[in-house]
Every structure is written in structure tokens, then in C-alpha cells.
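protein19.cif follows (mmCIF, C-alpha atoms):
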data_upload
#
loop_
_atom_site.group_PDB
_atom_site.id
_atom_site.type_symbol
_atom_site.label_atom_id
_atom_site.label_comp_id
_atom_site.auth_asym_id
_atom_site.auth_seq_id
_atom_site.Cartn_x
_atom_site.Cartn_y
_atom_site.Cartn_z
ATOM 1 C CA MET A 1 108.403 90.578 124.191
ATOM 2 C CA ASP A 2 111.670 89.825 122.360
ATOM 3 C CA ILE A 3 110.998 89.021 118.691
ATOM 4 C CA GLU A 4 113.627 88.490 116.027
ATOM 5 C CA LEU A 5 113.442 90.924 113.119
ATOM 6 C CA ARG A 6 113.772 88.083 110.614
ATOM 7 C CA LEU A 7 110.541 86.572 111.965
ATOM 8 C CA LEU A 8 108.737 89.871 111.511
ATOM 9 C CA ARG A 9 109.981 90.060 107.933
ATOM 10 C CA MET A 10 108.739 86.533 107.328
ATOM 11 C CA LEU A 11 105.332 87.519 108.694
ATOM 12 C CA LEU A 12 105.088 90.267 106.058
ATOM 13 C CA VAL A 13 106.146 87.900 103.280
ATOM 14 C CA ILE A 14 103.400 85.470 104.301
ATOM 15 C CA ALA A 15 100.846 88.287 104.485
ATOM 16 C CA ASP A 16 101.815 89.719 101.090
ATOM 17 C CA SER A 17 102.015 86.367 99.296
ATOM 18 C CA GLY A 18 98.876 84.898 100.893
ATOM 19 C CA SER A 19 100.371 81.419 101.102
ATOM 20 C CA LEU A 20 103.010 79.567 103.105
ATOM 21 C CA GLY A 21 104.157 77.877 99.913
ATOM 22 C CA ARG A 22 104.556 81.132 98.013
ATOM 23 C CA ALA A 23 106.320 82.640 101.028
ATOM 24 C CA ALA A 24 108.732 79.701 100.971
ATOM 25 C CA VAL A 25 109.482 80.289 97.284
ATOM 26 C CA ALA A 26 109.976 84.030 97.824
ATOM 27 C CA THR A 27 112.403 83.553 100.734
ATOM 28 C CA ASN A 28 114.174 80.351 99.597
ATOM 29 C CA PHE A 29 113.124 78.555 102.802
ATOM 30 C CA SER A 30 111.353 75.203 102.911
ATOM 31 C CA GLN A 31 107.621 75.316 103.592
ATOM 32 C CA PRO A 32 108.047 73.482 106.952
ATOM 33 C CA SER A 33 110.587 76.141 107.959
ATOM 34 C CA VAL A 34 108.158 78.935 107.069
ATOM 35 C CA SER A 35 105.393 77.159 109.002
ATOM 36 C CA GLY A 36 107.698 76.756 112.002
ATOM 37 C CA GLN A 37 108.605 80.446 112.009
ATOM 38 C CA LEU A 38 104.945 81.384 111.850
ATOM 39 C CA LYS A 39 104.155 79.092 114.790
ATOM 40 C CA ARG A 40 106.868 80.825 116.839
ATOM 41 C CA LEU A 41 105.303 84.201 116.092
ATOM 42 C CA GLU A 42 101.808 82.985 116.916
ATOM 43 C CA ALA A 43 103.071 81.611 120.236
ATOM 44 C CA GLN A 44 104.608 84.996 121.055
ATOM 45 C CA PHE A 45 101.500 86.957 120.087
ATOM 46 C CA GLY A 46 99.193 84.546 121.880
ATOM 47 C CA GLY A 47 96.938 83.419 119.070
ATOM 48 C CA PRO A 48 96.601 82.476 115.378
ATOM 49 C CA LEU A 49 97.646 85.232 112.977
ATOM 50 C CA PHE A 50 96.248 83.558 109.848
ATOM 51 C CA GLU A 51 93.350 81.364 108.886
ATOM 52 C CA ARG A 52 94.460 78.432 106.740
ATOM 53 C CA GLY A 53 92.435 77.423 103.694
ATOM 54 C CA SER A 54 92.759 75.419 100.485
ATOM 55 C CA SER A 55 93.732 78.531 98.528
ATOM 56 C CA GLY A 56 96.202 79.926 101.055
ATOM 57 C CA VAL A 57 96.062 81.987 104.234
ATOM 58 C CA ARG A 58 94.265 85.147 105.338
ATOM 59 C CA PRO A 59 94.952 87.261 108.411
ATOM 60 C CA THR A 60 92.766 86.781 111.472
ATOM 61 C CA ALA A 61 91.499 89.835 113.337
ATOM 62 C CA LEU A 62 94.590 89.599 115.536
ATOM 63 C CA GLY A 63 96.746 89.118 112.455
ATOM 64 C CA VAL A 64 95.425 92.284 110.813
ATOM 65 C CA ARG A 65 96.398 94.337 113.872
ATOM 66 C CA VAL A 66 99.796 92.693 114.223
ATOM 67 C CA ILE A 67 100.666 93.001 110.521
ATOM 68 C CA GLU A 68 99.816 96.699 110.533
ATOM 69 C CA GLN A 69 102.170 97.307 113.442
ATOM 70 C CA VAL A 70 104.904 95.068 112.050
ATOM 71 C CA ARG A 71 104.877 96.949 108.727
ATOM 72 C CA ASP A 72 105.570 100.149 110.636
ATOM 73 C CA VAL A 73 108.334 98.549 112.711
ATOM 74 C CA VAL A 74 110.086 97.010 109.696
ATOM 75 C CA ALA A 75 109.793 100.244 107.713
ATOM 76 C CA ARG A 76 111.443 102.163 110.556
ATOM 77 C CA VAL A 77 114.241 99.589 110.810
ATOM 78 C CA ASP A 78 114.802 99.752 107.048
ATOM 79 C CA ALA A 79 114.944 103.540 107.236
ATOM 80 C CA LEU A 80 117.609 103.292 109.950
ATOM 81 C CA GLY A 81 119.601 100.931 107.785
ATOM 82 C CA GLN A 82 119.504 103.403 104.942
ATOM 83 C CA LEU A 83 121.163 106.042 107.145
ATOM 84 C CA SER A 84 124.467 104.229 106.572
ATOM 85 C CA PRO A 85 127.549 105.561 104.766
ATOM 86 C CA VAL A 86 125.807 104.824 101.480
ATOM 87 C CA ALA A 87 123.946 108.125 101.904
ATOM 88 C CA GLY A 88 127.175 110.071 101.672
ATOM 89 C CA GLU A 89 128.714 107.831 99.038
ATOM 90 C CA GLY A 90 125.702 108.186 96.774
ATOM 91 C CA ALA A 91 126.372 111.833 95.907
ATOM 92 C CA GLY A 92 126.321 112.175 92.147
ATOM 93 C CA ARG A 93 126.002 108.414 91.680
ATOM 94 C CA THR A 94 124.308 107.411 88.425
ATOM 95 C CA PHE A 95 122.983 103.968 87.600
ATOM 96 C CA ARG A 96 120.821 102.569 84.804
ATOM 97 C CA LEU A 97 117.505 101.037 85.828
ATOM 98 C CA ALA A 98 115.367 98.918 83.494
ATOM 99 C CA SER A 99 111.805 98.528 84.775
ATOM 100 C CA THR A 100 108.737 96.626 83.732
ATOM 101 C CA ASN A 101 105.254 98.131 84.051
ATOM 102 C CA THR A 102 104.641 98.422 87.793
ATOM 103 C CA PRO A 103 103.183 101.133 90.050
ATOM 104 C CA ILE A 104 106.056 100.452 92.458
ATOM 105 C CA LEU A 105 108.533 102.337 90.250
ATOM 106 C CA PRO A 106 107.733 106.024 90.958
ATOM 107 C CA GLY A 107 107.422 105.536 94.710
ATOM 108 C CA MET A 108 110.610 103.476 94.813
ATOM 109 C CA LEU A 109 112.613 106.144 92.991
ATOM 110 C CA ALA A 110 111.228 108.965 95.137
ATOM 111 C CA ARG A 111 112.029 107.079 98.335
ATOM 112 C CA ALA A 112 115.493 106.012 97.145
ATOM 113 C CA ARG A 113 116.455 109.572 96.242
ATOM 114 C CA ALA A 114 115.224 110.775 99.630
ATOM 115 C CA VAL A 115 117.341 108.307 101.605
ATOM 116 C CA VAL A 116 120.373 108.347 99.296
ATOM 117 C CA PRO A 117 121.017 112.018 98.432
ATOM 118 C CA GLY A 118 122.569 112.602 95.039
ATOM 119 C CA LEU A 119 121.358 109.310 93.582
ATOM 120 C CA SER A 120 120.694 109.755 89.865
ATOM 121 C CA PRO A 121 118.902 106.824 88.178
ATOM 122 C CA LEU A 122 118.552 106.659 84.389
ATOM 123 C CA VAL A 123 115.267 104.816 83.775
ATOM 124 C CA SER A 124 114.337 102.689 80.775
ATOM 125 C CA SER A 125 110.847 101.241 80.365
ATOM 126 C CA VAL A 126 111.230 97.586 79.376
ATOM 127 C CA TYR A 127 108.118 95.412 79.232
ATOM 128 C CA ALA A 128 109.601 91.905 79.174
ATOM 129 C CA SER A 129 111.329 90.742 82.337
ATOM 130 C CA THR A 130 113.584 88.433 80.322
ATOM 131 C CA ARG A 131 114.760 91.484 78.386
ATOM 132 C CA ILE A 132 115.543 93.269 81.673
ATOM 133 C CA VAL A 133 117.781 90.364 82.675
ATOM 134 C CA GLU A 134 119.497 90.462 79.277
ATOM 135 C CA LEU A 135 120.252 94.168 79.595
ATOM 136 C CA ILE A 136 121.895 93.701 82.997
ATOM 137 C CA GLU A 137 123.797 90.610 81.845
ATOM 138 C CA ARG A 138 125.165 92.580 78.860
ATOM 139 C CA GLY A 139 126.193 95.577 80.952
ATOM 140 C CA GLU A 140 123.549 97.897 79.476
ATOM 141 C CA ALA A 141 121.827 98.368 82.857
ATOM 142 C CA GLU A 142 122.857 97.881 86.465
ATOM 143 C CA VAL A 143 119.494 97.345 88.155
ATOM 144 C CA GLY A 144 116.136 95.981 87.084
ATOM 145 C CA LEU A 145 112.598 95.991 88.420
ATOM 146 C CA ALA A 146 111.111 92.825 86.941
ATOM 147 C CA ALA A 147 108.205 90.423 87.419
ATOM 148 C CA ASP A 148 107.791 86.675 87.582
ATOM 149 C CA TYR A 149 105.205 84.130 88.717
ATOM 150 C CA PRO A 150 105.094 81.345 91.335
ATOM 151 C CA GLY A 151 106.539 78.251 89.715
ATOM 152 C CA ALA A 152 108.224 80.312 86.975
ATOM 153 C CA GLU A 153 110.790 82.262 88.963
ATOM 154 C CA LEU A 154 113.216 84.669 87.297
ATOM 155 C CA ARG A 155 116.304 83.037 85.800
ATOM 156 C CA HIS A 156 119.708 84.639 85.360
ATOM 157 C CA SER A 157 123.411 83.891 85.602
ATOM 158 C CA ALA A 158 125.468 83.894 88.796
ATOM 159 C CA ALA A 159 126.682 87.386 87.844
ATOM 160 C CA LEU A 160 123.293 88.750 88.880
ATOM 161 C CA ALA A 161 121.409 88.713 92.181
ATOM 162 C CA HIS A 162 117.721 89.186 92.817
ATOM 163 C CA ARG A 163 115.356 89.645 95.740
ATOM 164 C CA GLY A 164 111.581 89.339 95.724
ATOM 165 C CA ILE A 165 109.850 92.559 96.750
ATOM 166 C CA VAL A 166 106.279 91.292 97.043
ATOM 167 C CA THR A 167 104.034 88.571 95.618
ATOM 168 C CA GLU A 168 100.639 90.118 94.981
ATOM 169 C CA PRO A 169 97.311 88.652 93.856
ATOM 170 C CA GLY A 170 95.837 89.436 90.475
ATOM 171 C CA PHE A 171 92.481 91.218 90.715
ATOM 172 C CA VAL A 172 89.963 91.858 87.956
ATOM 173 C CA ALA A 173 88.734 95.220 86.670
ATOM 174 C CA LEU A 174 85.264 95.376 85.157
ATOM 175 C CA ALA A 175 82.621 97.944 84.346
ATOM 176 C CA ALA A 176 80.611 99.147 87.333
ATOM 177 C CA ASP A 177 77.374 97.974 85.673
ATOM 178 C CA HIS A 178 78.699 94.469 84.975
ATOM 179 C CA PRO A 179 76.584 91.845 86.821
ATOM 180 C CA ALA A 180 79.662 90.471 88.613
ATOM 181 C CA ALA A 181 80.553 93.938 89.941
ATOM 182 C CA ARG A 182 78.091 93.427 92.808
ATOM 183 C CA GLN A 183 80.039 90.430 94.093
ATOM 184 C CA ALA A 184 82.581 90.758 96.878
ATOM 185 C CA GLU A 185 84.810 88.257 95.055
ATOM 186 C CA VAL A 186 84.401 87.292 91.416
ATOM 187 C CA ASP A 187 84.611 83.706 90.226
ATOM 188 C CA LEU A 188 86.771 83.557 87.097
ATOM 189 C CA ALA A 189 84.234 81.172 85.560
ATOM 190 C CA ASP A 190 81.563 83.898 85.780
ATOM 191 C CA LEU A 191 83.613 85.920 83.277
ATOM 192 C CA ALA A 192 83.823 83.128 80.688
ATOM 193 C CA ASP A 193 81.683 85.030 78.175
ATOM 194 C CA CYS A 194 83.589 88.310 78.535
ATOM 195 C CA ALA A 195 86.114 89.807 76.188
ATOM 196 C CA TRP A 196 89.497 90.268 77.886
ATOM 197 C CA PHE A 197 92.202 92.890 77.643
ATOM 198 C CA VAL A 198 95.463 90.944 77.920
ATOM 199 C CA THR A 199 99.002 92.284 77.737
ATOM 200 C CA PRO A 200 101.463 90.484 75.399
ATOM 201 C CA ASP A 201 104.002 87.793 76.267
ATOM 202 C CA ASP A 202 106.331 89.169 78.954
ATOM 203 C CA GLY A 203 108.881 86.391 78.659
ATOM 204 C CA ALA A 204 108.333 85.423 82.305
ATOM 205 C CA GLY A 205 105.131 83.380 82.044
ATOM 206 C CA TRP A 206 102.360 85.792 81.067
ATOM 207 C CA PRO A 207 99.833 85.317 79.491
ATOM 208 C CA GLY A 208 100.383 81.589 79.995
ATOM 209 C CA VAL A 209 99.480 81.744 83.696
ATOM 210 C CA PHE A 210 96.262 83.598 82.799
ATOM 211 C CA GLU A 211 95.327 81.059 80.136
ATOM 212 C CA ALA A 212 96.044 78.197 82.551
ATOM 213 C CA ALA A 213 93.788 79.782 85.193
ATOM 214 C CA CYS A 214 90.998 80.107 82.636
ATOM 215 C CA ARG A 215 91.370 76.450 81.605
ATOM 216 C CA ALA A 216 91.263 75.414 85.267
ATOM 217 C CA SER A 217 87.960 77.315 85.518
ATOM 218 C CA GLY A 218 86.573 75.435 82.497
ATOM 219 C CA PHE A 219 86.807 77.944 79.664
ATOM 220 C CA SER A 220 88.967 79.719 77.140
ATOM 221 C CA PRO A 221 88.436 83.472 76.619
ATOM 222 C CA VAL A 222 85.961 84.093 73.793
ATOM 223 C CA ALA A 223 87.766 87.240 72.672
ATOM 224 C CA VAL A 224 91.089 88.793 73.577
ATOM 225 C CA HIS A 225 92.200 92.368 72.974
ATOM 226 C CA GLU A 226 95.994 92.488 73.058
ATOM 227 C CA PHE A 227 96.720 95.707 74.896
ATOM 228 C CA LEU A 228 99.919 97.370 76.025
ATOM 229 C CA GLY A 229 99.178 100.940 77.022
ATOM 230 C CA ASP A 230 98.562 103.145 80.001
ATOM 231 C CA GLN A 231 96.050 102.352 82.724
ATOM 232 C CA GLN A 232 93.917 105.409 81.955
ATOM 233 C CA HIS A 233 93.142 104.197 78.436
ATOM 234 C CA LEU A 234 92.609 100.630 79.612
ATOM 235 C CA GLN A 235 90.129 101.651 82.289
ATOM 236 C CA ALA A 236 88.259 103.936 79.881
ATOM 237 C CA MET A 237 87.640 100.961 77.592
ATOM 238 C CA ILE A 238 86.620 98.755 80.500
ATOM 239 C CA ALA A 239 84.204 101.427 81.771
ATOM 240 C CA CYS A 240 82.380 101.510 78.452
ATOM 241 C CA GLY A 241 81.929 97.738 78.479
ATOM 242 C CA LEU A 242 84.467 96.627 75.873
ATOM 243 C CA GLY A 243 85.949 93.990 78.141
ATOM 244 C CA VAL A 244 87.474 93.090 81.484
ATOM 245 C CA SER A 245 91.091 92.709 82.554
ATOM 246 C CA VAL A 246 93.333 91.175 85.170
ATOM 247 C CA VAL A 247 94.952 94.108 86.972
ATOM 248 C CA GLN A 248 97.462 94.801 89.718
ATOM 249 C CA ALA A 249 95.852 94.591 93.140
ATOM 250 C CA THR A 250 96.843 98.140 94.080
ATOM 251 C CA ILE A 251 95.349 99.810 90.996
ATOM 252 C CA ARG A 252 93.120 102.837 91.595
ATOM 253 C CA PRO A 253 89.792 102.268 89.826
ATOM 254 C CA ALA A 254 88.648 105.049 87.516
ATOM 255 C CA PRO A 255 85.027 106.284 87.471
ATOM 256 C CA GLY A 256 82.809 103.590 86.014
ATOM 257 C CA VAL A 257 85.237 100.791 86.909
ATOM 258 C CA VAL A 258 85.316 98.451 89.894
ATOM 259 C CA VAL A 259 88.214 96.239 90.989
ATOM 260 C CA ARG A 260 87.456 92.915 92.656
ATOM 261 C CA PRO A 261 89.515 89.975 93.960
ATOM 262 C CA LEU A 262 89.089 86.604 92.266
ATOM 263 C CA VAL A 263 87.630 83.641 94.149
ATOM 264 C CA GLY A 264 90.446 81.362 95.253
ATOM 265 C CA THR A 265 93.091 83.867 94.119
ATOM 266 C CA PRO A 266 94.171 81.864 91.033
ATOM 267 C CA LEU A 267 96.644 84.477 89.760
ATOM 268 C CA TRP A 268 99.761 85.820 91.479
ATOM 269 C CA CYS A 269 102.632 88.005 90.312
ATOM 270 C CA ARG A 270 105.915 88.652 92.089
ATOM 271 C CA TYR A 271 107.884 91.890 91.675
ATOM 272 C CA VAL A 272 111.620 91.383 91.815
ATOM 273 C CA LEU A 273 114.617 93.670 92.243
ATOM 274 C CA VAL A 274 117.539 92.311 90.201
ATOM 275 C CA TRP A 275 121.037 93.749 89.960
ATOM 276 C CA SER A 276 124.588 93.168 88.810
ATOM 277 C CA ARG A 277 126.751 91.795 91.635
ATOM 278 C CA GLU A 278 129.843 93.436 90.162
ATOM 279 C CA ARG A 279 128.465 96.906 89.476
ATOM 280 C CA VAL A 280 126.021 97.377 92.383
ATOM 281 C CA ASP A 281 127.209 97.142 95.991
ATOM 282 C CA GLU A 282 125.165 95.625 98.795
ATOM 283 C CA GLU A 283 124.401 99.015 100.360
ATOM 284 C CA LEU A 284 122.828 100.401 97.195
ATOM 285 C CA ALA A 285 120.926 97.174 96.515
ATOM 286 C CA GLY A 286 119.629 97.228 100.094
ATOM 287 C CA ALA A 287 118.591 100.875 99.823
ATOM 288 C CA LEU A 288 116.711 100.221 96.569
ATOM 289 C CA PHE A 289 114.999 97.155 97.991
ATOM 290 C CA GLY A 290 113.946 99.070 101.108
ATOM 291 C CA ALA A 291 112.625 101.889 98.919
ATOM 292 C CA ALA A 292 110.640 99.439 96.772
ATOM 293 C CA ALA A 293 109.119 97.746 99.833
ATOM 294 C CA TYR A 294 108.244 101.146 101.290
ATOM 295 C CA ALA A 295 106.624 102.215 97.999
ATOM 296 C CA TYR A 296 104.486 99.077 97.942
ATOM 297 C CA ARG A 297 103.278 99.664 101.483
ATOM 298 C CA GLU A 298 102.251 103.151 100.398
ATOM 299 C CA LEU A 299 100.306 101.681 97.474
ATOM 300 C CA ILE A 300 98.478 99.330 99.838
ATOM 301 C CA ALA A 301 97.574 102.284 102.061
ATOM 302 C CA GLN A 302 95.924 103.921 99.037
ATOM 303 C CA SER A 303 94.040 100.768 97.948
ATOM 304 C CA PRO A 304 91.001 100.164 100.173
ATOM 305 C CA HIS A 305 89.795 97.238 98.013
ATOM 306 C CA PHE A 306 93.125 95.497 98.582
ATOM 307 C CA ARG A 307 93.171 96.180 102.322
ATOM 308 C CA LEU A 308 89.632 94.901 102.729
ATOM 309 C CA TRP A 309 90.429 91.730 100.790
ATOM 310 C CA ALA A 310 93.529 91.106 102.882
ATOM 311 C CA ALA A 311 91.599 91.659 106.091
ATOM 312 C CA GLY A 312 88.852 89.269 105.026
ATOM 313 C CA LYS A 313 86.037 91.775 105.677
ATOM 314 C CA TYR A 314 85.013 92.924 102.232
ATOM 315 C CA ARG A 315 81.778 94.931 102.321
ATOM 316 C CA LEU A 316 80.029 96.560 99.398
ATOM 317 C CA PRO A 317 77.744 99.631 99.751
ATOM 318 C CA ARG A 318 74.091 99.147 98.976
ATOM 319 C CA SER A 319 72.666 100.983 96.009
#
For the structure just supplied, provide its representation as C-alpha cells.
Amino acid sequence: MDIELRLLRMLLVIADSGSLGRAAVATNFSQPSVSGQLKRLEAQFGGPLFERGSSGVRPTALGVRVIEQVRDVVARVDALGQLSPVAGEGAGRTFRLASTNTPILPGMLARARAVVPGLSPLVSSVYASTRIVELIERGEAEVGLAADYPGAELRHSAALAHRGIVTEPGFVALAADHPAARQAEVDLADLADCAWFVTPDDGAGWPGVFEAACRASGFSPVAVHEFLGDQQHLQAMIACGLGVSVVQATIRPAPGVVVRPLVGTPLWCRYVLVWSRERVDEELAGALFGAAAYAYRELIAQSPHFRLWAAGKYRLPRS
């Protein structure tokens, strides 16, 4: 079997975004082109890799097996690419990184420093993705780890470049004794009477996309706690029944908290690597992107609720 690497990468984009349309946005291809590439892969693997539905696509049993193997293949190829001269040139190299709140960050930095010896990032925590772009545009940072949303993609000048790392679904965290916690997937409308923990305006579309999803489900949140803090404190408040929250799909639930996918997957967030074209060369940008993608795969490996959702075989234990 002779398969082009670019097709394998497209397969992972489709799997991670859960939609041919979102995959098209993430890769700057047309949706017919994405569909055509998927058909070529399915012909080579001898069967459908995804089930199509009104809300997107989900891997078939064959797709789950293929995607698992493809992730390993692509990770190994990326690792080979990072064994380029950039590893020697990175000795003592310092760059400024502005990052939004994402669990990708620590794994990305650890991986990048492992494959580019001597790399020395200076990290700033910046909540708003628009602010991250401003810092790079003004020369106050070289690289950013930002977020945007389908239909509200990150904007910047031609002096910057960006590449989507992954488009992930928004899940919901709720107390383990909440009635909806017994459901394999939670309908957003079933949470209409709940109080919500919602982070402030991030300049990229949040919380507007959340509010729009609520309106589409026929309600407006009855109470909103504006919260911008660490996940430990957030989950402690959720566990004691003070509210529920949209959370990153790879979050590790604390005791007393369950994390569930939402019916129809109405919320998506894309993580984006953005950098200055003048101050960051292609080798470093490629190494950082590969490290971020690797870190996200590691997060998926540690998130059984996410893997089960993606595989379409979500099972809950009986009490």
C-alpha cells in the first residue's frame, strides 16, 4: 500500500475536527477537495472510515483502528523531521511565547525542548487570543498559542503566519450527582435551568459562540458565574453543585465531577500556533507545531471519555 503522507495528515484533521467542513476550514481546502481525499483513503483501506451524520462525522470501527495507526505513523515522521539542522542551531535560542489557557502548552514545551536542545522559551500567559496577535504584531513576542472558533478564524496581518493544531469539541463538566451525569451525551437544552461558569470575552468569539448555542437550544442561561481561574478551583465548585461549565475535551475530571460530550457537538474550539514570519524560521515553526500536535495526542491518550466519544462506543458503568 502506497499512501501519500498528506492524505494521512488530512485523515487526522478530519478525525480531530469531526466534520469535513471544519477540516476544510482548518486546512484551507475546499470541502469537495477534503471529501475527495477521504474517498481516496477509504478506497485504499477498503471500507468507510467515517460515518456521516447531520452534525458531522464519526470514525467507523475500521476508522478507529486506522486513525490510531496513522497517529503513530505521522508522529514518527514528524519526529524525523525535527532531527534536522534546527536541533543544532537551537542551542541557546530564546524566543517569547504568548499562550492562552490550554493544556497543550506544557506538553508542547517539554516536547519542543526535547527535540530542539538548548531551546529557551520565555512564556507569558495571555488570555485573549486577539491580545496574543497584538503582542506578536508589535514585536513583544515571537510565537503565540491562541484559540479561535469555526466561522471566526484568527485574523492578523501578512507579517504573521498561523497553523491550526487541532479543532476539538466542547464538552460539559457537571457534578457526579447531577441528573444529566447518567447520560452518555448531554443535550444542552437539559441544562437550561443550570447556573454556568463562563470565562470572559476572549476577543476571538467566546462567549458569543456559547450564547449562540444556548439560543439554538431554546434558552438563555439563568445564571452565569464569570470565572477565570485554574481548573482545580473550577471543578471544586462544580463538584459541590454550584454550576456546570463547558470544558476542554481532554480535561481530567476531579472527584465528584463527570465530563460528558454534548448532543450534536454544538461547540468547537480550534487551537492555533501563530508566529512572526520575520523572526521565526520555518524549521522552528515546524518543530513547535510538531511538538504541539504530539502534546495533544498525549492528552487524548490520557482522556478515556474523549477516546470513547470519538470511537462512538460510549459506555457508562452501572451503579
Query - Target residues per the PyMOL selection byres ((chain A and resi 243) around 9), formatted as an NGL selection string - result: :A and (174-175 or 194-197 or 223-225 or 237-242 or 244-245)
Query raised in the report: Which residues, written as a list in words, have at least one atom at most 12 Å from Pro179 (chain A), with only C-alpha atoms counted and residues fewer than 2 positions away on the same chain left out?
Result: Leu174, Ala175, Ala176, Asp177, Ala181, Arg182, Gln183, Ala184, Val186, Asp187, Asp190, Leu191, Cys194, Gly241 and Val258 of chain A
Spatial neighbours of region 272-288 of chain A, max dist 6 Å, only C-alpha atoms, sep filter under 6 positions, as a PDB file with C-alpha atoms, keeping the file's coordinate frame:
ATOM      1  CA  GLN A  82     119.504 103.403 104.942  1.00  0.00           C
ATOM      2  CA  ALA A 112     115.493 106.012  97.145  1.00  0.00           C
ATOM      3  CA  GLU A 142     122.857  97.881  86.465  1.00  0.00           C
ATOM      4  CA  VAL A 143     119.494  97.345  88.155  1.00  0.00           C
ATOM      5  CA  GLY A 144     116.136  95.981  87.084  1.00  0.00           C
ATOM      6  CA  LEU A 145     112.598  95.991  88.420  1.00  0.00           C
ATOM      7  CA  ALA A 146     111.111  92.825  86.941  1.00  0.00           C
ATOM      8  CA  ALA A 147     108.205  90.423  87.419  1.00  0.00           C
ATOM      9  CA  ALA A 159     126.682  87.386  87.844  1.00  0.00           C
ATOM     10  CA  LEU A 160     123.293  88.750  88.880  1.00  0.00           C
ATOM     11  CA  ALA A 161     121.409  88.713  92.181  1.00  0.00           C
ATOM     12  CA  HIS A 162     117.721  89.186  92.817  1.00  0.00           C
ATOM     13  CA  ARG A 163     115.356  89.645  95.740  1.00  0.00           C
ATOM     14  CA  GLY A 164     111.581  89.339  95.724  1.00  0.00           C
ATOM     15  CA  ILE A 165     109.850  92.559  96.750  1.00  0.00           C
TER      16      ILE A 165
END
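Distances from A:Val166, A:Ile300, A:Leu228, A:Val209 to Val25 (chain A) were compared using only C-alpha atoms, and the smallest one belongs to A:Val166.
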Requested in this report: Given the file shown, determine the residues that the PyMOL selection byres ((chain A and resi 40-46) around 10) selects; report them as a ChimeraX atom specification.
Outcome: /A:1-4,7-8,10-11,35-39,47-50,62-63,66
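Coordinates place CA of Glu226 (chain A) at a distance of 28.8 Å from CA of Glu140 (chain A).
Here the question is which of A:Pro59, A:Pro121, A:Pro103, A:Gly208 gets nearest to Ser17 (chain A) using all atoms listed in the file, and that residue is A:Pro59.
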Query raised in the report: What's the 6 Å shell around region 203-206 of chain A, counting only C-alpha atoms, without same-chain residues fewer than 3 positions away, as a ChimeraX atom specification?
Result: /A:128,130,148,209
Query raised in the report: Of the residues A:Thr199, A:Ser55, A:Ser33, A:Thr167, which is the one nearest to Trp268 (chain A), using all atoms listed in the file?
Result: A:Thr167
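Across A:Arg155, A:Arg215, A:Arg113, A:His178, the tightest approach to Ala292 (chain A) is made by A:Arg113 when counting only C-alpha atoms.
With all atoms listed in the file as the atoms that count, the residue of A:Val172, A:Ile251, A:Val126, A:Met108 with the shortest distance to Val263 (chain A) is A:Val172.
Each of A:Gly151, A:Pro106, A:Pro117, A:Gly18 was checked against Trp309 (chain A) using all atoms listed in the file; the smallest atom-to-atom distance is that of A:Gly18.
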Report task. Can you pull out every residue within 8 Å of Tyr127 (chain A), counting all atoms listed in the file, but drop anything in the same chain fewer than 4 positions away, and send it as number ranges by chain? Result -> A: 99-101, 131, 202
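Across the structure, CA of Ala15 (chain A) and CA of Ala110 (chain A) are spaced 25.0 Å apart.
Atom pair CA of Ser129 (chain A) / CA of Ala249 (chain A): separated by 19.3 Å.
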Requested in this report: Could you state which residues are captured by the PyMOL selection byres ((chain A and resi 253) around 12) in this file, as a ChimeraX atom specification?
Outcome: /A:171-176,231-232,234-236,238-239,247-252,254-260,302-306
**Report entry** Nearby residues, (108.5, 85.7, 89.7) file frame, 7 Å, only C-alpha atoms, as a VMD selection string
**Finding:** chain A and resid 147 to 150 152 to 154 269 to 272
